[in-house]
Amino acid sequence: MVTQEQRRRQLAREKFLRQQQRRTSARRRARMRNAAIASVLGVILIGSVALYTTGVVLGDDDDKTNASAEVTPSASAPSKAPDPCDKPADGKVKTQTWKKEPAMTVDESAKYTMKLETSCGDIDIALKAKAAPHTVNSFDFLAGKGYFDHTKCHRLTTEGIYVLQCGDPTAKGNGGPGYNIPDENLKDKSLKDNMYPAGTVAMANTGQPDSGGSQFFLVYQNSQLPPSYTPFGTVSDAGMKVLKKIAAAGAQAPDPTTGNTAPNATVVIDKATVTKS
């Protein structure tokens with residue numbers, strides 16, 4: 001038979017165990033809360049460091065290949081909107097790379113046009129073969145190899161500068177074709193007062209001279225940038241409407257590992273072609 005004293009001790013032990021369980025649960029909740037706060041602060045810190053170290057430039061974090069335009073100019077808050085784009089076409093991204101720039105075959109006296117058939121609509125670009133022959137030649141080569149087909153446009157910037165960045169098969173900002181091309185046309189008459197006007201298509205780079213690869217950006221609103229990014233094309237009026245639609249959907253929060261602010265819209269280049277006329 002349980003005595004009164006034994007019962008009292010049993011109740012005391014149970015009370016102690018309940019207190020310990022409450023304290024353990026409280027500590028666990030505190031750790032989870034602190035971890036969440038640390039994660040948020042980490043994202044903010046990464047965005048701030050990227051902004052501090054690069055300013056409003058488009059760079060690349062792949063020193064070996066070239067990759068291009070890896071840095072977002074500001075860690076803008078995410079904005080949500082319905083996805084205005086269709087389902088991308090079926091197909092796989094190609095991962096082939098090359099050791100050197102392709103041989104020059106571009107005809108500088110001819111007109112070249114690049115068509116980006118995207119999940120959000122077609123974007124036609126008039127290319128500047130005479131002013132940027134190496135760049136146009138490279139895009140003609142890569143498009144012919146299907147290099148851009150089924151690739152995502154991995155970055156949309158909505159503060160400081162206003163561009164959609166594409167051309168990276170990895171969709172992380174550090175991919176490239178394996179070779180670099182020289183900077184060209186940096187004194188283009190369209191670049192006045194360090195302004196890349198809306199409709200400009202330019203090469204991204206690592207921040208070093210002659211480090212362009214396959215990544216490029218399309219300017220959907222006038223953007224203040226140093227003249228360090230080869231302007232090699234101009235988006236058509238119809239293409240600008242597609243860009244505006246993509247931009248209106250906003251961008252996601254910065255990726256904590258890359259700093260990329262991906263577009264909310266599902267922007268995939270189903271097929272890229274370059275034609276000569």
# chains A, B, ... in the order shown; residues from 1 in each chain; ligands from 1
call {"tool": "residues_around", "arguments": {"residues": "region 125-130 of chain A", "least_positions_apart": "2", "cutoff": "6 Å", "atoms": "only C-alpha atoms", "output": "list in words"}}
result
Glu108, Tyr112, Thr113, Met114, Ala132, Pro133, Val136, Phe232, Gly233, Thr234, Val235 and Ser236 of chain A
call {"tool": "residues_around", "arguments": {"residues": "Gly91 (chain A)", "least_positions_apart": "6", "cutoff": "12 Å", "atoms": "only C-alpha atoms", "output": "short mmCIF file (atom, residue, chain, number, x, y, z; two decimals) with N, CA and C atoms, in the first residue's frame"}}
result
data_model
loop_
_atom_site.label_atom_id
_atom_site.label_comp_id
_atom_site.auth_asym_id
_atom_site.auth_seq_id
_atom_site.Cartn_x
_atom_site.Cartn_y
_atom_site.Cartn_z
N GLY A 146 22.22 25.33 -80.23
CA GLY A 146 21.12 25.09 -79.30
C GLY A 146 21.49 25.35 -77.86
N PHE A 148 21.28 27.98 -75.94
CA PHE A 148 20.34 28.75 -75.12
C PHE A 148 18.98 28.08 -74.95
N ASP A 149 18.72 27.05 -75.74
CA ASP A 149 17.40 26.42 -75.73
C ASP A 149 17.10 25.78 -74.38
N HIS A 150 15.91 26.06 -73.86
CA HIS A 150 15.39 25.51 -72.59
C HIS A 150 16.09 26.07 -71.35
N THR A 151 16.81 27.18 -71.49
CA THR A 151 17.48 27.78 -70.35
C THR A 151 16.57 28.83 -69.68
N VAL A 268 11.55 31.10 -69.58
CA VAL A 268 12.42 30.09 -70.17
C VAL A 268 12.55 30.36 -71.66
N ILE A 269 13.78 30.35 -72.14
CA ILE A 269 14.02 30.48 -73.58
C ILE A 269 13.80 29.11 -74.21
N ASP A 270 12.66 28.92 -74.85
CA ASP A 270 12.38 27.64 -75.50
C ASP A 270 13.33 27.40 -76.66
N LYS A 271 13.58 28.49 -77.41
CA LYS A 271 14.51 28.36 -78.55
C LYS A 271 15.07 29.74 -78.90
#
call {"tool": "atom_distance", "arguments": {"atom1": "CA of Ser119 (chain A)", "atom2": "CA of Val163 (chain A)"}}
result
17.6 Å
call {"tool": "select_by_dssp", "arguments": {"residues": "region 110-149 of chain A", "states": "strand (DSSP E)", "output": "list in words"}}
result
Tyr112, Thr113, Met114, Lys115, Leu116, Glu117, Thr118, Gly121, Asp122, Ile123, Asp124, Ile125, Ala126 and Leu127 of chain A
call {"tool": "residues_around", "arguments": {"residues": "Ala238 (chain A)", "least_positions_apart": "3", "cutoff": "10 Å", "atoms": "only C-alpha atoms", "output": "ChimeraX atom specification"}}
result
/A:121-124,235,241-243
call {"tool": "write_last_selection", "arguments": {"atoms": "C-alpha atoms", "output": "mmCIF file, in the first residue's frame"}}
result
data_model
loop_
_atom_site.group_PDB
_atom_site.id
_atom_site.type_symbol
_atom_site.label_atom_id
_atom_site.label_comp_id
_atom_site.auth_asym_id
_atom_site.auth_seq_id
_atom_site.Cartn_x
_atom_site.Cartn_y
_atom_site.Cartn_z
ATOM 1 C CA GLY A 121 6.357 35.484 -75.635
ATOM 2 C CA ASP A 122 8.796 36.196 -78.468
ATOM 3 C CA ILE A 123 11.562 38.752 -78.006
ATOM 4 C CA ASP A 124 13.166 39.943 -81.255
ATOM 5 C CA VAL A 235 14.832 44.842 -78.399
ATOM 6 C CA LYS A 241 5.956 44.489 -74.183
ATOM 7 C CA VAL A 242 7.033 40.966 -73.242
ATOM 8 C CA LEU A 243 9.813 42.347 -71.029
#
call {"tool": "residues_around", "arguments": {"residues": "Ala81 (chain A)", "least_positions_apart": "6", "cutoff": "12 Å", "atoms": "only C-alpha atoms", "output": "ChimeraX atom specification"}}
result
/A:245-252,263-266
call {"tool": "atom_distance", "arguments": {"atom1": "CA of Ser211 (chain A)", "atom2": "CA of Ala171 (chain A)"}}
result
18.5 Å
call {"tool": "closest_atom_pairs", "arguments": {"of": "region 67-173 of chain A", "to": "region 184-191 of chain A", "cutoff": "8 Å", "atoms": "only C-alpha atoms", "output": "Markdown table"}}
result
| residue | atom | partner | partner_atom | distance |
| --- | --- | --- | --- | --- |
| A:Ala131 | CA | A:Asn185 | CA | 5.6 |
| A:Ala132 | CA | A:Glu184 | CA | 5.4 |
| A:His134 | CA | A:Glu184 | CA | 7.9 |
| A:Thr135 | CA | A:Glu184 | CA | 7.7 |
call {"tool": "closest_residue", "arguments": {"among": "A:Pro182, A:Pro82, A:Gly160, A:Gly173", "to": "Asp255 (chain A)", "atoms": "only C-alpha atoms"}}
result
A:Gly173
call {"tool": "atom_distance", "arguments": {"atom1": "CA of Val219 (chain A)", "atom2": "CA of Thr97 (chain A)"}}
result
26.9 Å
call {"tool": "closest_residue", "arguments": {"among": "A:Leu156, A:Ala262, A:Met203, A:Ala198", "to": "Pro227 (chain A)", "atoms": "only C-alpha atoms"}}
result
A:Met203
